[in-house]
>>> print(open('entry12.cif').read())   # mmCIF, C-alpha atoms
data_model
loop_
_atom_site.label_atom_id
_atom_site.label_comp_id
_atom_site.auth_asym_id
_atom_site.auth_seq_id
_atom_site.Cartn_x
_atom_site.Cartn_y
_atom_site.Cartn_z
CA MET A 1 105.59 114.27 90.88
CA ASN A 2 108.46 111.99 91.85
CA GLU A 3 107.67 108.29 91.49
CA LEU A 4 108.68 107.71 95.11
CA LEU A 5 108.32 110.34 97.77
CA ARG A 6 108.64 108.81 101.21
CA LYS A 7 107.71 110.53 104.45
CA HIS A 8 107.19 108.30 107.45
CA MET A 9 104.81 109.35 110.20
CA TYR A 10 104.15 113.11 110.31
CA SER A 11 107.11 115.35 109.61
CA GLU A 12 105.52 118.26 111.52
CA ASN A 13 105.07 116.14 114.65
CA VAL A 14 106.85 117.38 117.78
CA TYR A 15 107.74 114.55 120.16
CA PHE A 16 105.48 113.94 123.13
CA PRO A 17 105.20 110.63 125.01
CA ASP A 18 102.10 108.54 124.37
CA VAL A 19 99.33 109.11 126.89
CA PHE A 20 96.86 106.58 125.46
CA LYS A 21 97.79 103.31 123.77
CA GLY A 22 95.92 100.53 122.06
CA CYS A 23 93.09 99.96 119.60
CA LYS A 24 90.46 97.35 118.71
CA HIS A 25 90.02 98.16 115.01
CA ASP A 26 92.62 95.50 114.12
CA CYS A 27 93.53 97.07 110.76
CA VAL A 28 95.74 94.75 108.72
CA TYR A 29 98.19 97.56 107.95
CA CYS A 30 98.54 98.39 111.65
CA ARG A 31 99.82 94.92 112.59
CA PRO A 32 103.33 95.44 111.13
CA SER A 33 103.54 99.02 112.36
CA PHE A 34 101.89 100.24 115.58
CA GLN A 35 101.11 96.75 116.89
CA ARG A 36 104.62 95.47 116.16
CA GLN A 37 106.14 98.51 117.87
CA ALA A 38 103.95 97.82 120.91
CA LYS A 39 105.45 94.32 121.20
CA CYS A 40 108.70 95.98 122.28
CA GLN A 41 107.01 97.12 125.50
CA ARG A 42 106.45 93.67 127.01
CA GLN A 43 108.86 94.27 129.87
CA ARG A 44 107.39 97.69 130.64
CA CYS A 45 103.63 97.32 130.18
CA GLN A 46 101.63 94.19 129.40
CA LYS A 47 98.70 96.21 128.02
CA CYS A 48 101.01 98.00 125.60
CA TYR A 49 102.32 94.60 124.51
CA THR A 50 98.81 93.29 123.80
CA PHE A 51 97.68 96.63 122.34
CA GLU A 52 94.76 96.77 124.75
CA PRO A 53 93.39 100.33 125.02
CA HIS A 54 94.65 101.97 128.21
CA ASN A 55 96.11 105.25 129.43
CA HIS A 56 99.51 106.43 130.61
CA PHE A 57 98.41 109.70 132.13
CA GLU A 58 101.53 109.85 134.30
CA ARG A 59 103.12 111.22 131.11
CA MET A 60 100.91 114.31 131.18
CA LYS A 61 102.88 115.92 134.01
CA GLY A 62 104.26 119.35 133.34
CA LYS A 63 103.87 121.50 130.24
CA SER A 64 103.76 120.17 126.72
CA PRO A 65 106.26 121.50 124.15
CA ALA A 66 105.39 124.76 122.42
CA THR A 67 104.62 124.47 118.71
CA LYS A 68 104.85 127.03 115.94
CA GLY A 69 103.73 127.23 112.35
CA SER A 70 102.54 123.84 111.07
CA GLN A 71 103.99 121.91 113.99
CA ILE A 72 101.68 119.58 115.94
CA VAL A 73 101.80 117.24 118.89
CA PHE A 74 100.16 113.92 118.00
CA PHE A 75 97.89 113.26 120.97
CA PRO A 76 97.77 110.31 121.27
CA LYS A 77 99.82 108.71 118.52
CA GLY A 78 99.77 105.02 119.48
CA GLY A 79 96.07 104.39 119.96
CA ASP A 80 92.58 105.44 118.93
CA PRO A 81 91.00 107.72 121.57
CA CYS A 82 87.54 106.44 120.60
CA PHE A 83 88.27 103.56 123.00
CA ALA A 84 88.95 105.89 125.92
CA SER A 85 86.36 106.22 128.68
CA PRO A 86 84.53 109.56 129.19
CA LYS A 87 86.69 110.17 132.27
CA GLU A 88 89.88 109.51 130.28
CA LEU A 89 88.71 111.83 127.50
CA ASP A 90 87.96 114.57 130.03
CA ALA A 91 91.51 114.24 131.34
CA MET A 92 93.03 114.45 127.83
CA PHE A 93 90.92 117.42 126.75
CA GLY A 94 91.63 119.12 130.08
CA TYR A 95 95.37 118.76 129.52
CA VAL A 96 95.02 120.25 126.03
CA MET A 97 93.19 123.29 127.42
CA LEU A 98 95.89 123.78 130.07
CA ASN A 99 98.57 123.98 127.36
CA PRO A 100 97.50 126.67 124.87
CA GLN A 101 101.11 127.02 123.66
CA THR A 102 100.72 123.67 121.86
CA THR A 103 98.71 122.67 118.81
CA PHE A 104 97.50 119.13 119.50
CA PHE A 105 96.39 116.66 116.82
CA MET A 106 93.89 113.91 117.69
CA GLN A 107 93.03 111.28 115.07
CA THR A 108 90.39 108.54 115.09
CA LYS A 109 88.52 106.06 112.92
CA ASN A 110 85.31 106.52 114.92
CA PRO A 111 84.64 110.20 115.66
CA GLN A 112 81.30 109.64 117.39
CA PHE A 113 82.92 110.23 120.79
CA LEU A 114 83.52 113.84 119.72
CA TRP A 115 79.82 114.62 119.34
CA ARG A 116 78.31 117.25 121.61
CA ARG A 117 81.70 118.09 123.11
CA THR A 118 83.17 121.56 123.32
CA LEU A 119 86.65 120.96 121.96
CA PRO A 120 89.70 123.08 122.82
CA SER A 121 90.63 125.72 120.24
CA ASN A 122 94.23 124.45 120.13
CA LEU A 123 93.12 120.94 119.12
CA ILE A 124 92.90 119.68 115.52
CA VAL A 125 90.64 116.64 115.22
CA ALA A 126 91.08 114.28 112.29
CA ILE A 127 89.74 111.09 110.82
CA THR A 128 91.52 108.44 108.84
CA LEU A 129 89.60 108.14 105.57
CA GLU A 130 91.53 105.74 103.33
CA THR A 131 88.77 105.46 100.71
CA ASN A 132 85.13 106.20 99.97
CA VAL A 133 84.16 102.68 98.84
CA ASN A 134 83.36 99.46 100.66
CA ASN A 135 84.00 97.09 97.73
CA PHE A 136 87.28 96.91 95.84
CA MET A 137 88.05 96.00 92.26
CA TYR A 138 89.61 92.71 91.27
CA LEU A 139 92.48 93.14 88.83
CA PRO A 140 92.22 90.13 86.51
CA TRP A 141 94.73 91.44 83.98
CA LYS A 142 97.40 91.13 86.67
CA ASN A 143 96.03 87.83 87.98
CA LEU A 144 95.94 89.36 91.43
CA SER A 145 93.42 88.70 94.15
CA LEU A 146 93.04 91.70 96.45
CA TYR A 147 90.92 92.32 99.51
CA SER A 148 87.34 92.35 98.29
CA TYR A 149 85.70 94.43 101.01
CA TYR A 150 86.76 97.13 103.43
CA ARG A 151 85.70 94.93 106.34
CA ASP A 152 88.46 92.51 105.27
CA ILE A 153 90.95 95.25 106.10
CA SER A 154 89.55 96.83 109.25
CA LYS A 155 86.90 96.42 111.94
CA ALA A 156 86.53 100.19 112.14
CA PRO A 157 83.29 101.82 110.97
CA CYS A 158 83.04 101.82 107.20
CA PRO A 159 84.36 104.97 105.48
CA ARG A 160 80.90 106.38 104.67
CA ASP A 161 79.70 106.01 108.27
CA ARG A 162 82.95 107.55 109.49
CA PHE A 163 82.49 110.53 107.21
CA GLU A 164 78.88 111.10 108.25
CA SER A 165 79.86 110.87 111.90
CA PHE A 166 82.65 113.41 111.45
CA MET A 167 80.23 115.79 109.74
CA LEU A 168 78.36 115.99 113.05
CA VAL A 169 81.45 117.09 114.97
CA ASN A 170 81.14 120.81 115.63
CA HIS A 171 84.69 122.09 115.55
CA PRO A 172 86.47 124.61 113.28
CA HIS A 173 89.79 122.73 113.18
CA LYS A 174 89.51 119.48 111.25
CA ALA A 175 91.86 117.38 109.11
CA VAL A 176 91.73 114.18 107.08
CA THR A 177 94.35 111.45 106.70
CA ILE A 178 94.15 109.38 103.51
CA GLU A 179 96.73 106.80 104.54
CA PRO A 180 97.17 104.11 103.56
CA ILE A 181 95.32 105.21 100.45
CA LEU A 182 92.94 102.62 98.97
CA GLN A 183 90.99 102.50 95.71
CA PHE A 184 88.44 105.30 95.52
CA ARG A 185 85.90 107.04 93.28
CA LEU A 186 87.48 110.38 92.51
CA ASP A 187 84.61 112.87 92.23
CA ALA A 188 82.62 111.48 95.14
CA PHE A 189 85.74 111.25 97.33
CA CYS A 190 86.68 114.86 96.69
CA THR A 191 83.12 115.99 97.41
CA MET A 192 83.11 114.12 100.74
CA ILE A 193 86.39 115.61 101.85
CA GLN A 194 85.46 119.13 100.77
CA GLN A 195 82.25 118.92 102.83
CA LEU A 196 84.39 118.32 105.94
CA HIS A 197 86.22 121.64 105.41
CA PRO A 198 89.60 120.24 106.49
CA GLU A 199 92.45 122.61 107.21
CA PHE A 200 94.74 120.08 105.54
CA VAL A 201 94.79 116.53 104.21
CA TYR A 202 97.54 113.92 104.46
CA VAL A 203 97.92 111.52 101.50
CA GLY A 204 100.18 108.48 101.46
CA TYR A 205 100.59 104.84 100.47
CA ASP A 206 101.12 101.86 102.76
CA ASN A 207 104.70 101.59 104.06
CA HIS A 208 104.55 97.93 105.10
CA ASN A 209 104.01 95.82 101.96
CA CYS A 210 100.52 94.71 102.99
CA HIS A 211 99.38 94.37 99.34
CA LEU A 212 96.30 96.47 99.92
CA PRO A 213 93.86 97.36 97.10
CA GLU A 214 95.78 100.46 96.14
CA PRO A 215 94.92 102.98 93.43
CA SER A 216 97.34 103.58 90.61
CA LEU A 217 99.88 106.34 91.02
CA ALA A 218 98.12 108.26 88.22
CA ASP A 219 94.80 108.10 90.08
CA THR A 220 96.44 109.31 93.29
CA GLU A 221 98.08 112.21 91.47
CA ARG A 222 94.70 113.23 90.06
CA LEU A 223 93.24 113.13 93.55
CA ILE A 224 96.02 115.34 94.92
CA VAL A 225 95.44 117.89 92.14
CA GLU A 226 91.72 118.06 92.97
CA LEU A 227 92.28 118.27 96.73
CA ARG A 228 94.69 121.17 96.31
CA LYS A 229 91.87 123.19 94.75
CA PHE A 230 90.25 123.59 98.17
CA THR A 231 92.72 122.59 100.91
CA GLU A 232 96.38 122.12 101.81
CA VAL A 233 97.79 118.69 100.99
CA HIS A 234 100.71 117.14 102.89
CA LEU A 235 102.36 114.29 101.02
CA LYS A 236 103.65 111.23 102.78
CA THR A 237 104.78 108.07 100.93
CA ILE A 238 103.84 108.57 97.26
CA ARG A 239 104.81 105.78 94.84
CA LYS A 240 103.42 103.40 92.25
CA ALA A 241 100.84 100.93 93.51
CA TRP A 242 102.50 97.62 94.42
CA TRP A 243 100.58 95.83 91.66
CA GLU A 244 101.84 98.28 88.99
CA SER A 245 105.27 96.68 89.31
CA ALA A 246 104.04 93.10 89.83
#
>>> encode(input="entry12.cif", output="structure tokens")
Amino acid sequence: MNELLRKHMYSENVYFPDVFKGCKHDCVYCRPSFQRQAKCQRQRCQKCYTFEPHNHFERMKGKSPATKGSQIVFFPKGGDPCFASPKELDAMFGYVMLNPQTTFFMQTKNPQFLWRRTLPSNLIVAITLETNVNNFMYLPWKNLSLYSYYRDISKAPCPRDRFESFMLVNHPHKAVTIEPILQFRLDAFCTMIQQLHPEFVYVGYDNHNCHLPEPSLADTERLIVELRKFTEVHLKTIRKAWWESA
């Protein structure tokens, strides 16, 4: 595998304007990406600027673009729909059902809102699952101090709770995003992901120099090999861990 393979965002994504923006997970790796991008909207929408969860349903007028093959429409792409109200979720799912020509992709870090819902057949639901551990290793041989706990990185539900919640979502079209990838325990991580029966998995490193507790490139390559035994793997940014070159 090439030492550096860089794919920003989702290469299969077909453009569609954001219909729901904002998030309260406050992930450290989101601050220089989605949150920074939202700062550009100050003149247009104050809630976008502050990254407060809110909708822009005026953008759901008309038909969505048709997709084919592995193409998807990220829906939404600038916020976590777990913060949407039941009425807002009904509107989003209703729009998906009215546009069967499109494969929509909805991603969250708290899938509990998907429980007991009948989801449209043209919707892929996904969770971000960066790791399967809550505590990270200190790397004394590099004299580096990393984040010690997952809660230092994100206010979202811990990875194990997120996984268990997603297991309860009754839907045939699921996916997993392992980005930005964090240190993990290989066998247990693969078992978790396999139990979710994902149609595909995204794998990628942080793109924003956040100095996260990253696994070595060798460990990530081993993970990719194991994942490919039971699902399709889409590679995003694949490189050496930042500390491997420190």
>>> closest_residue(input="entry12.cif", among="A:Pro172, A:Phe166, A:Asp161, A:Ser148", to="Asn122 (chain A)", atoms="only C-alpha atoms")
A:Pro172
>>> resolve_selection(input="entry12.cif", expression="the PyMOL selection byres ((chain A and resi 146) around 9)", output="list in words")
Phe136, Met137, Tyr138, Leu139, Leu144, Ser145, Tyr147, Ser148, His211, Leu212 and Pro213 of chain A
>>> write_last_selection(input="entry12.cif", atoms="C-alpha atoms", output="CSV table (one decimal), keeping the file's coordinate frame")
chain,number,residue,atom,x,y,z
A,136,PHE,CA,87.3,96.9,95.8
A,137,MET,CA,88.0,96.0,92.3
A,138,TYR,CA,89.6,92.7,91.3
A,139,LEU,CA,92.5,93.1,88.8
A,144,LEU,CA,95.9,89.4,91.4
A,145,SER,CA,93.4,88.7,94.2
A,147,TYR,CA,90.9,92.3,99.5
A,148,SER,CA,87.3,92.4,98.3
A,211,HIS,CA,99.4,94.4,99.3
A,212,LEU,CA,96.3,96.5,99.9
A,213,PRO,CA,93.9,97.4,97.1
>>> atom_distance(input="entry12.cif", atom1="CA of Pro17 (chain A)", atom2="CA of Arg59 (chain A)")
6.5 Å
>>> closest_residue(input="entry12.cif", among="A:Ile72, A:Met92, A:Cys27, A:Met192", to="Met60 (chain A)", atoms="all atoms listed in the file")
A:Met92
>>> closest_residue(input="entry12.cif", among="A:Cys23, A:Cys158, A:Phe163, A:Gln112", to="Tyr49 (chain A)", atoms="only C-alpha atoms")
A:Cys23
>>> residues_around(input="entry12.cif", residues="Phe51 (chain A)", least_positions_apart="3", cutoff="6 Å", atoms="only C-alpha atoms", output="PDB file with C-alpha atoms, in the frame of the given file")
ATOM      1  CA  GLY A  22      95.920 100.530 122.060  1.00  0.00           C
ATOM      2  CA  LYS A  47      98.700  96.210 128.020  1.00  0.00           C
ATOM      3  CA  CYS A  48     101.010  98.000 125.600  1.00  0.00           C
TER       4      CYS A  48
END
>>> atom_distance(input="entry12.cif", atom1="CA of Met97 (chain A)", atom2="CA of Lys174 (chain A)")
17.0 Å
>>> residues_around(input="entry12.cif", residues="Gln194 (chain A)", least_positions_apart="3", cutoff="8 Å", atoms="all atoms listed in the file", output="PyMOL selection string")
chain A and resi 190-191+197-198+227+230
>>> write_last_selection(input="entry12.cif", atoms="C-alpha atoms", output="PDB file, in the frame of the given file")
ATOM      1  CA  CYS A 190      86.680 114.860  96.690  1.00  0.00           C
ATOM      2  CA  THR A 191      83.120 115.990  97.410  1.00  0.00           C
ATOM      3  CA  HIS A 197      86.220 121.640 105.410  1.00  0.00           C
ATOM      4  CA  PRO A 198      89.600 120.240 106.490  1.00  0.00           C
ATOM      5  CA  LEU A 227      92.280 118.270  96.730  1.00  0.00           C
ATOM      6  CA  PHE A 230      90.250 123.590  98.170  1.00  0.00           C
TER       7      PHE A 230
END
>>> closest_residue(input="entry12.cif", among="A:Arg44, A:Arg239, A:Lys109, A:Lys229", to="Thr128 (chain A)", atoms="all atoms listed in the file")
A:Lys109
>>> closest_residue(input="entry12.cif", among="A:Gln107, A:Ala188, A:Ser154, A:Ile238", to="Val176 (chain A)", atoms="all atoms listed in the file")
A:Gln107
>>> atom_distance(input="entry12.cif", atom1="CA of His54 (chain A)", atom2="CA of Asp90 (chain A)")
14.4 Å
>>> closest_residue(input="entry12.cif", among="A:Val28, A:Glu12, A:Pro111, A:Trp243", to="Arg151 (chain A)", atoms="all atoms listed in the file")
A:Val28
>>> residues_around(input="entry12.cif", residues="Tyr205 (chain A)", least_positions_apart="6", cutoff="7 Å", atoms="all atoms listed in the file", output="number ranges by chain")
A: 179-181, 237-238
>>> write_last_selection(input="entry12.cif", atoms="C-alpha atoms", output="PDB file, in the coordinates of the input")
ATOM      1  CA  GLU A 179      96.730 106.800 104.540  1.00  0.00           C
ATOM      2  CA  PRO A 180      97.170 104.110 103.560  1.00  0.00           C
ATOM      3  CA  ILE A 181      95.320 105.210 100.450  1.00  0.00           C
ATOM      4  CA  THR A 237     104.780 108.070 100.930  1.00  0.00           C
ATOM      5  CA  ILE A 238     103.840 108.570  97.260  1.00  0.00           C
TER       6      ILE A 238
END
>>> residues_around(input="entry12.cif", residues="Glu58 (chain A)", least_positions_apart="5", cutoff="12 Å", atoms="only C-alpha atoms", output="ChimeraX atom specification")
/A:17-20,91-92,95
>>> build_atoms(input="entry12.cif", residues="region 198-209 of chain A", atoms="N, CA, C and O atoms", output="compact mmCIF listing (two decimals), in the coordinates of the input")
# COMPACT_ATOMS: atom_id res chain seq x y z
N PRO A 198 88.35 120.49 105.75
CA PRO A 198 89.60 120.24 106.49
C PRO A 198 90.61 121.36 106.29
O PRO A 198 90.70 121.96 105.21
N GLU A 199 91.37 121.64 107.34
CA GLU A 199 92.45 122.61 107.21
C GLU A 199 93.57 122.06 106.34
O GLU A 199 94.27 122.81 105.66
N PHE A 200 93.76 120.74 106.39
CA PHE A 200 94.74 120.08 105.54
C PHE A 200 94.40 118.61 105.45
O PHE A 200 93.61 118.07 106.23
N VAL A 201 95.01 117.96 104.46
CA VAL A 201 94.79 116.53 104.21
C VAL A 201 96.16 115.87 104.03
O VAL A 201 97.01 116.40 103.30
N TYR A 202 96.36 114.74 104.70
CA TYR A 202 97.54 113.92 104.46
C TYR A 202 97.19 112.85 103.43
O TYR A 202 96.10 112.27 103.48
N VAL A 203 98.11 112.57 102.51
CA VAL A 203 97.92 111.52 101.50
C VAL A 203 99.17 110.66 101.46
O VAL A 203 100.29 111.20 101.35
N GLY A 204 99.01 109.34 101.54
CA GLY A 204 100.18 108.48 101.46
C GLY A 204 99.82 107.02 101.26
O GLY A 204 98.72 106.58 101.62
N TYR A 205 100.75 106.28 100.68
CA TYR A 205 100.59 104.84 100.47
C TYR A 205 101.07 104.05 101.69
O TYR A 205 101.79 104.57 102.55
N ASP A 206 100.68 102.81 101.72
CA ASP A 206 101.12 101.86 102.76
C ASP A 206 102.64 101.75 102.75
O ASP A 206 103.27 101.65 101.68
N ASN A 207 103.24 101.71 103.93
CA ASN A 207 104.70 101.59 104.06
C ASN A 207 105.15 100.17 104.42
O ASN A 207 106.33 99.95 104.65
N HIS A 208 104.21 99.21 104.50
CA HIS A 208 104.55 97.93 105.10
C HIS A 208 104.25 96.71 104.22
O HIS A 208 104.10 95.60 104.73
N ASN A 209 104.16 96.93 102.92
CA ASN A 209 104.01 95.82 101.96
C ASN A 209 102.83 94.90 102.30
O ASN A 209 102.94 93.67 102.23
